[in-house]
Each structure stands twice: as C-alpha cells, then as structure tokens.
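See below for the structure under consideration.
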Amino acid sequence: GTIVLNDEVSVDYKLVFNYHSRASELQARYYKSLTIRKNNTAINNPNFILSANKIEIGSYCLIKANITMID
C-alpha cells in the first residue's frame with residue numbers, strides 16, 4: 001500500500017521508557033490501500049491507523065492521542 005504525507009504533517013514521538021507502546025503506527029494493509037494526510041495536520045501519540053481501502057485526513061486537522069482509525 002501507499003502512505004502519502006503532504007507538507008507540514010507532523011506525527012509526534014514522545015520518548016519514554018516503554019517507547020514501543022507510545023509510538024503511532026500507520027499501516028496501508030493491502031497493495032492498493034491508501035492513507036492520505038493533507039497539509040498542516042498534526043497527530044499526537046500513540047495512535048493506530050490501518051487502511052484496507054482508503055483513509056483520508058483533511059487539511060488543518062489536529063488528532064489527539066489514543067485514537068484508532070480502521071476503514
């Protein structure tokens with residue numbers, strides 16, 4: 001699959017003792033899967049985004065911590 005990160009997209013990473021459980025994970029699961037993030041979007045940690053078909057996050061979005069997105 002494909003993950004497209006446009007201009008000014010930030011995915012925060014907070015280094016802590018058990019950092020694997022605090023990281024965000026993005027998956028484009030299948031060959032034609034697509035996850036698109038538009039301009040000026042900020043995503044906090046930890047989050048899990050899994051795209052089987054398509055997930056599109058618009059411009060100027062702020063996504064808080066502990067979110068799961070699955071299409």
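Identifiers in the structure tokens: chain A, B, ... in order shown; residue index from 1 per chain; ligand index from 1 in order shown.
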Discussion item. Need to verify the contact set: Glu56 (chain A), 7 Å, only C-alpha atoms, exclusion of same-chain residues closer than 6 positions in sequence. Can you return it as a ChimeraX atom specification?
Written reply: /A:35-37
Item to complete: Tell me, as a PyMOL selection string, which residues lie within 10 Å of Ile3 (chain A), counting only C-alpha atoms; anything in the same chain fewer than 2 positions away does not count.
Response: chain A and resi 1+5-6+26-28+33-37+51+54-55
Item to complete: Skip region 60-71 of chain A itself and residues of its chain fewer than 3 positions away, then list as a list in words all residues within 9 Å of it, counting only C-alpha atoms.
Response: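 The filter keeps Ser24, Lys38, Asn39, Asn40, Thr41, Ala42, Ile43, Asn44, Asn45, Pro46, Asn47, Phe48, Ile49, Leu50, Ser51, Ala52, Asn53, Lys54, Ile55 and Ile57 of chain A.
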Worksheet entry | Per-residue DSSP, chain A, filtered to strand (DSSP E or B), as a VMD selection string | chain A and resid 2 to 5 9 to 11 25 to 28 34 to 37 41 to 43 47 to 51 54 to 57 62 to 63 67 to 70
